[in-house]
Amino acid sequence: MKIFSISVLQAPSSGASSLLSNANDLSSFSFYQRGSVGEFMTFFSKTVAERTQAGQRQSVQENNYTAHVFNRGGPEQLAAVIITDQEYPVRPAFSLLAKVLDDFVAKVPQDSWNNPSSISFPELAAYITKYQDPRQADTIMRVQQELDETKIVLHKTIESVLQRGERLDTLVDRSNHLSAQSKMFYKTAKKQNSCCVVM
Amino acid sequence: MPPPIQDRTNEFRSCVDSIRSRSSLTRGGADSKQRLLRNAKTTAKTEFASMASAIGKDINGTNIKLGKLAQLAKRKTLFDDRPVEISELTFIIKQDIANFNKQIASLQSYVKQRSAQGSKSPEAKQLEEHNNNVVMLLQSMLANTSMTFKDVLELRTQNMKESRNRTEQFMYSTSTATAQAAASSSMLYNSRPDPMGDGSPSRYDSKGKGRAPQNGDVLALDLDSAEAGIPGTQNGGAFQQMQLVEQQDSYIQSRSTAIESIETTIAELGQIFTQLATMVAEQRETVQRIDADTMDIASNVSGAQRELLKYYASISSNRWLMLKVFGVLIVFFLVFILVS
């Protein structure tokens with residue numbers, strides 16, 4: 001379950017898209033392959049972003065790579081692409097894309113978009129590392145996970161309460177028995193005192 | 001799936017050749033020129049035979065692929081669908097059928113050409129008739145393949161519709177239903193006069209047997225036009241629009257399902273807590289009983305101890321009683337001695 005790259009592009013509805021910011025995590029490839037794989041990622045992102053209409057989300061599969069595209073359109077005509085392997089869950093990928101786009105729009109001023117090399121958006125790299133495990137990073141998934149853990153703890157609690165009930169039952173029986181015996185003891189002791197007046 | 005057709009025209013032809021050569025030998029005169037002519041004819045025949053046999057073999061292979069596609073299309077599972085494979089197979093089979101079309105057409109023109117130039121001798125006529133028969137056989141094989149292909153495509157669309165209905169049932173989205181209806185009415189019922197997707201009209205007007213495949217192409221998925229805007233998710237043209245609209249909603253739907261599942265989990269947790277509280281409340285009564293019992297035990301035991309203390313006190317203090325006891329004992333002792 002890996003993310004290979006996240007990119008933010010400007011994708012006008014006609015014509016070519018331009019890459020505004022990009023972060024790659026190619027650590028799973030051998031050192032000599034990384035260059036070509038990086039180029040492939042860029043090309044893939046660009047192609048897929050160009051072919052997605054504004055306001056549309058799409059997932060494209062190619063060999064073992066899946067690209068999730070979110071073309072936000074709007075006045076800025078931005079699109080974000082994330083390339084992952086096939087196991088990565090789809091929905092958190094799209095929510096990550098929306099988040100990335102919002103951050104980008106908030107952080108990077110619009111006039112620097114014509115000059116892609118001047119854009120510095122280090123949050124992309126942070127996002128890649130953070131979202132390598134989507135179960136922890138994505139909010140909804142984390143909440144679900146915590147709830148499941150709580151449920152497990154509660155199940156254990158209920159089991160121990162059941163055991164407590166059993167123990168309490170045995171305690172009741174024993175205390176009943178003990179009470180009867182002590183009563184007998186008291187009566188015998190009393191009898192000792194009153195009966196043999198002769199002696 | 002019809003059993004694979006064995007193309008034994010080659011053997012037949014070789015038999016015919018051998019018999020003919022035998023009869024020509026008995027007729028007398030292995031004229032070398034005649035022999036050469038015959039050899040030329042046999043080479044010409046074998047050329048035709050090789051072409052026809054190649055076509056027959058390819059049709060066989062395509063039938064096998066079609067069988068696999070039918071197998072895949074029959075699967076009614078909801079989630080294990082393999083659209084990529086199915087669309088790839090469909091594409092390949094379409095291309096093969098188009099190829100066969102062209103090949104058979106060229107074969108036929110070749111036959112016509114040969115019959116036009118050939119001599120009108122009875123054996124040439126027989127040969128021509130034989131060639132025509134072979135071509136007809138190949139055309140009928142191709143027609144069968146196309147019919148089966150059409151059936152498989154129909155089955156596939158039906159299954160996809162059913163699976164879509166089932167997913168709708170689980171997901172309650174009316175928007176997809178309306179979009180689906182619009183898309184299907186636009187694409188599926190559009191009778192497309194473009195057979196085989198290669199832009200050429202049907203090629204076997206000659207024998208009339210070729211009419212059958214043309215109906216099948218109402219459902220033939222025209223890949224080129226549908227491929228224009230949308231890369232890779234599915235290559236089925238009829239399902240392209242449905243797929244698009246689905247993708248739009250699917251993200252939102254998946255989010256809402258995730259949040260609903262969180263909601264149900266929280267509700268379950270609430271239930272578990274109430275169960276826990278009930279169980280503990282039930283046990284409260286038991287605890288009270290135990291409490292009461294222990295109090296009883298304590299009081300009983302203390303009372304018994306009191307009595308025993310009294311008894312001990314009375315025993316240890318009463319010397320006068322002891323004297324009385326010993327006196328009675330001595331009296332009995334004396335009585336027994338006196339008696340004995």
# chains A, B, ... in the order shown; residues from 1 in each chain; ligands from 1
$ closest_atom_pairs --of "chain B" --to "chain A" --cutoff "8 Å" --atoms "only C-alpha atoms" --output "JSON lines"
{"residue": "B:Gly229", "atom": "CA", "partner": "A:Arg51", "partner_atom": "CA", "distance": 6.4}
{"residue": "B:Ile230", "atom": "CA", "partner": "A:Arg51", "partner_atom": "CA", "distance": 6.5}
{"residue": "B:Pro231", "atom": "CA", "partner": "A:Arg51", "partner_atom": "CA", "distance": 7.2}
{"residue": "B:Gly232", "atom": "CA", "partner": "A:Val60", "partner_atom": "CA", "distance": 6.1}
{"residue": "B:Thr233", "atom": "CA", "partner": "A:Val60", "partner_atom": "CA", "distance": 5.8}
{"residue": "B:Gln247", "atom": "CA", "partner": "A:Gln58", "partner_atom": "CA", "distance": 6.6}
{"residue": "B:Gln248", "atom": "CA", "partner": "A:Arg57", "partner_atom": "CA", "distance": 6.2}
{"residue": "B:Tyr251", "atom": "CA", "partner": "A:Arg91", "partner_atom": "CA", "distance": 6.1}
{"residue": "B:Ser254", "atom": "CA", "partner": "A:Arg91", "partner_atom": "CA", "distance": 6.6}
{"residue": "B:Arg255", "atom": "CA", "partner": "A:Arg91", "partner_atom": "CA", "distance": 6.8}
{"residue": "B:Ala258", "atom": "CA", "partner": "A:Ile140", "partner_atom": "CA", "distance": 7.3}
{"residue": "B:Ile259", "atom": "CA", "partner": "A:Ile140", "partner_atom": "CA", "distance": 7.1}
{"residue": "B:Ile262", "atom": "CA", "partner": "A:Gln144", "partner_atom": "CA", "distance": 5.8}
{"residue": "B:Thr265", "atom": "CA", "partner": "A:Leu147", "partner_atom": "CA", "distance": 6.9}
{"residue": "B:Ile266", "atom": "CA", "partner": "A:Leu147", "partner_atom": "CA", "distance": 7.2}
{"residue": "B:Leu269", "atom": "CA", "partner": "A:Lys151", "partner_atom": "CA", "distance": 6.3}
{"residue": "B:Ile272", "atom": "CA", "partner": "A:Leu154", "partner_atom": "CA", "distance": 7.1}
{"residue": "B:Phe273", "atom": "CA", "partner": "A:Leu154", "partner_atom": "CA", "distance": 7.7}
{"residue": "B:Leu276", "atom": "CA", "partner": "A:Ile158", "partner_atom": "CA", "distance": 6.1}
{"residue": "B:Met279", "atom": "CA", "partner": "A:Val161", "partner_atom": "CA", "distance": 7.4}
{"residue": "B:Val280", "atom": "CA", "partner": "A:Val161", "partner_atom": "CA", "distance": 7.3}
{"residue": "B:Gln283", "atom": "CA", "partner": "A:Gly165", "partner_atom": "CA", "distance": 6.3}
{"residue": "B:Thr286", "atom": "CA", "partner": "A:Leu168", "partner_atom": "CA", "distance": 6.8}
{"residue": "B:Val287", "atom": "CA", "partner": "A:Leu168", "partner_atom": "CA", "distance": 6.9}
{"residue": "B:Arg289", "atom": "CA", "partner": "A:Val172", "partner_atom": "CA", "distance": 6.8}
{"residue": "B:Ile290", "atom": "CA", "partner": "A:Val172", "partner_atom": "CA", "distance": 5.1}
{"residue": "B:Asp293", "atom": "CA", "partner": "A:Ser175", "partner_atom": "CA", "distance": 5.8}
{"residue": "B:Thr294", "atom": "CA", "partner": "A:Ser175", "partner_atom": "CA", "distance": 6.4}
{"residue": "B:Asp296", "atom": "CA", "partner": "A:Ser179", "partner_atom": "CA", "distance": 6.2}
{"residue": "B:Ile297", "atom": "CA", "partner": "A:Ser179", "partner_atom": "CA", "distance": 4.7}
{"residue": "B:Asn300", "atom": "CA", "partner": "A:Lys183", "partner_atom": "CA", "distance": 5.5}
{"residue": "B:Val301", "atom": "CA", "partner": "A:Ser182", "partner_atom": "CA", "distance": 5.7}
{"residue": "B:Gly303", "atom": "CA", "partner": "A:Tyr186", "partner_atom": "CA", "distance": 6.2}
{"residue": "B:Ala304", "atom": "CA", "partner": "A:Tyr186", "partner_atom": "CA", "distance": 4.1}
{"residue": "B:Gln305", "atom": "CA", "partner": "A:Tyr186", "partner_atom": "CA", "distance": 7.7}
{"residue": "B:Glu307", "atom": "CA", "partner": "A:Lys190", "partner_atom": "CA", "distance": 5.6}
{"residue": "B:Leu308", "atom": "CA", "partner": "A:Ala189", "partner_atom": "CA", "distance": 5.9}
{"residue": "B:Lys310", "atom": "CA", "partner": "A:Asn193", "partner_atom": "CA", "distance": 7.3}
{"residue": "B:Tyr311", "atom": "CA", "partner": "A:Asn193", "partner_atom": "CA", "distance": 5.5}
{"residue": "B:Leu321", "atom": "CA", "partner": "A:Met199", "partner_atom": "CA", "distance": 7.3}
{"residue": "B:Val325", "atom": "CA", "partner": "A:Met199", "partner_atom": "CA", "distance": 7.2}
$ write_last_selection --atoms "C-alpha atoms" --output "CSV table (one decimal), in the first residue's frame"
chain,number,residue,atom,x,y,z
B,229,GLY,CA,-12.0,11.4,-24.3
B,230,ILE,CA,-11.6,8.9,-21.6
B,231,PRO,CA,-8.5,6.8,-21.0
B,232,GLY,CA,-8.4,3.4,-19.7
B,233,THR,CA,-11.0,2.5,-17.1
B,247,GLN,CA,-17.3,7.7,-10.8
B,248,GLN,CA,-18.6,11.2,-10.0
B,251,TYR,CA,-16.4,9.1,-4.2
B,254,SER,CA,-18.0,5.9,-0.5
B,255,ARG,CA,-17.5,8.8,1.9
B,258,ALA,CA,-17.8,5.3,5.6
B,259,ILE,CA,-19.4,7.9,7.8
B,262,ILE,CA,-18.8,5.1,11.8
B,265,THR,CA,-20.2,1.6,15.2
B,266,ILE,CA,-20.9,4.4,17.7
B,269,LEU,CA,-20.8,1.0,21.3
B,272,ILE,CA,-22.7,-2.4,24.5
B,273,PHE,CA,-22.5,0.2,27.3
B,276,LEU,CA,-22.8,-3.6,30.5
B,279,MET,CA,-25.5,-6.7,33.8
B,280,VAL,CA,-23.9,-4.9,36.6
B,283,GLN,CA,-25.5,-8.4,40.0
B,286,THR,CA,-26.7,-10.7,44.5
B,287,VAL,CA,-24.1,-8.6,46.2
B,289,ARG,CA,-27.7,-11.0,49.5
B,290,ILE,CA,-24.1,-11.8,50.2
B,293,ASP,CA,-25.5,-13.3,54.8
B,294,THR,CA,-22.2,-12.2,56.1
B,296,ASP,CA,-25.8,-13.0,59.9
B,297,ILE,CA,-22.7,-15.1,60.1
B,300,ASN,CA,-24.2,-15.9,64.9
B,301,VAL,CA,-20.6,-16.6,65.6
B,303,GLY,CA,-23.4,-15.1,70.0
B,304,ALA,CA,-21.9,-18.6,70.0
B,305,GLN,CA,-18.7,-17.3,71.4
B,307,GLU,CA,-22.4,-18.7,75.2
B,308,LEU,CA,-19.2,-20.7,75.3
B,310,LYS,CA,-20.5,-18.2,79.9
B,311,TYR,CA,-20.2,-21.9,80.0
B,321,LEU,CA,-21.0,-28.1,92.2
B,325,VAL,CA,-20.5,-34.4,91.8
$ select_by_dssp --residues "region 9-186 of chain A" --states "strand (DSSP E)" --output "VMD selection string"
chain A and resid 9 to 10 18 to 24 56 to 62 65 to 73 78 to 84
$ residues_around --residues "Gly38 (chain A)" --least-positions-apart "6" --cutoff "10 Å" --atoms "only C-alpha atoms" --output "short mmCIF file (atom, residue, chain, number, x, y, z; two decimals) with N, CA and C atoms, in the first residue's frame"
data_model
loop_
_atom_site.label_atom_id
_atom_site.label_comp_id
_atom_site.auth_asym_id
_atom_site.auth_seq_id
_atom_site.Cartn_x
_atom_site.Cartn_y
_atom_site.Cartn_z
N PHE A 4 3.37 6.59 -4.69
CA PHE A 4 4.60 6.82 -5.43
C PHE A 4 4.83 8.30 -5.68
N SER A 5 3.79 9.02 -6.01
CA SER A 5 4.02 10.46 -6.24
C SER A 5 2.73 11.21 -6.10
N ALA A 23 5.98 15.75 -5.76
CA ALA A 23 6.80 15.07 -4.74
C ALA A 23 6.75 13.59 -5.04
N ASN A 24 7.91 12.96 -5.01
CA ASN A 24 7.99 11.53 -5.32
C ASN A 24 8.51 10.74 -4.15
N ASP A 25 8.05 9.49 -4.05
CA ASP A 25 8.66 8.59 -3.09
C ASP A 25 9.03 7.33 -3.85
N LEU A 26 10.25 7.29 -4.37
CA LEU A 26 10.64 6.19 -5.23
C LEU A 26 11.56 5.23 -4.51
N PHE A 44 2.76 10.37 -16.86
CA PHE A 44 1.48 9.78 -16.53
C PHE A 44 0.56 10.83 -15.91
#
$ select_by_dssp --residues "region 17-97 of chain A" --states "alpha helix (DSSP H)" --output "number ranges by chain"
A: 34-50, 90-97
$ atom_distance --atom1 "CA of Arg82 (chain B)" --atom2 "CA of Ile252 (chain B)"
23.6 Å
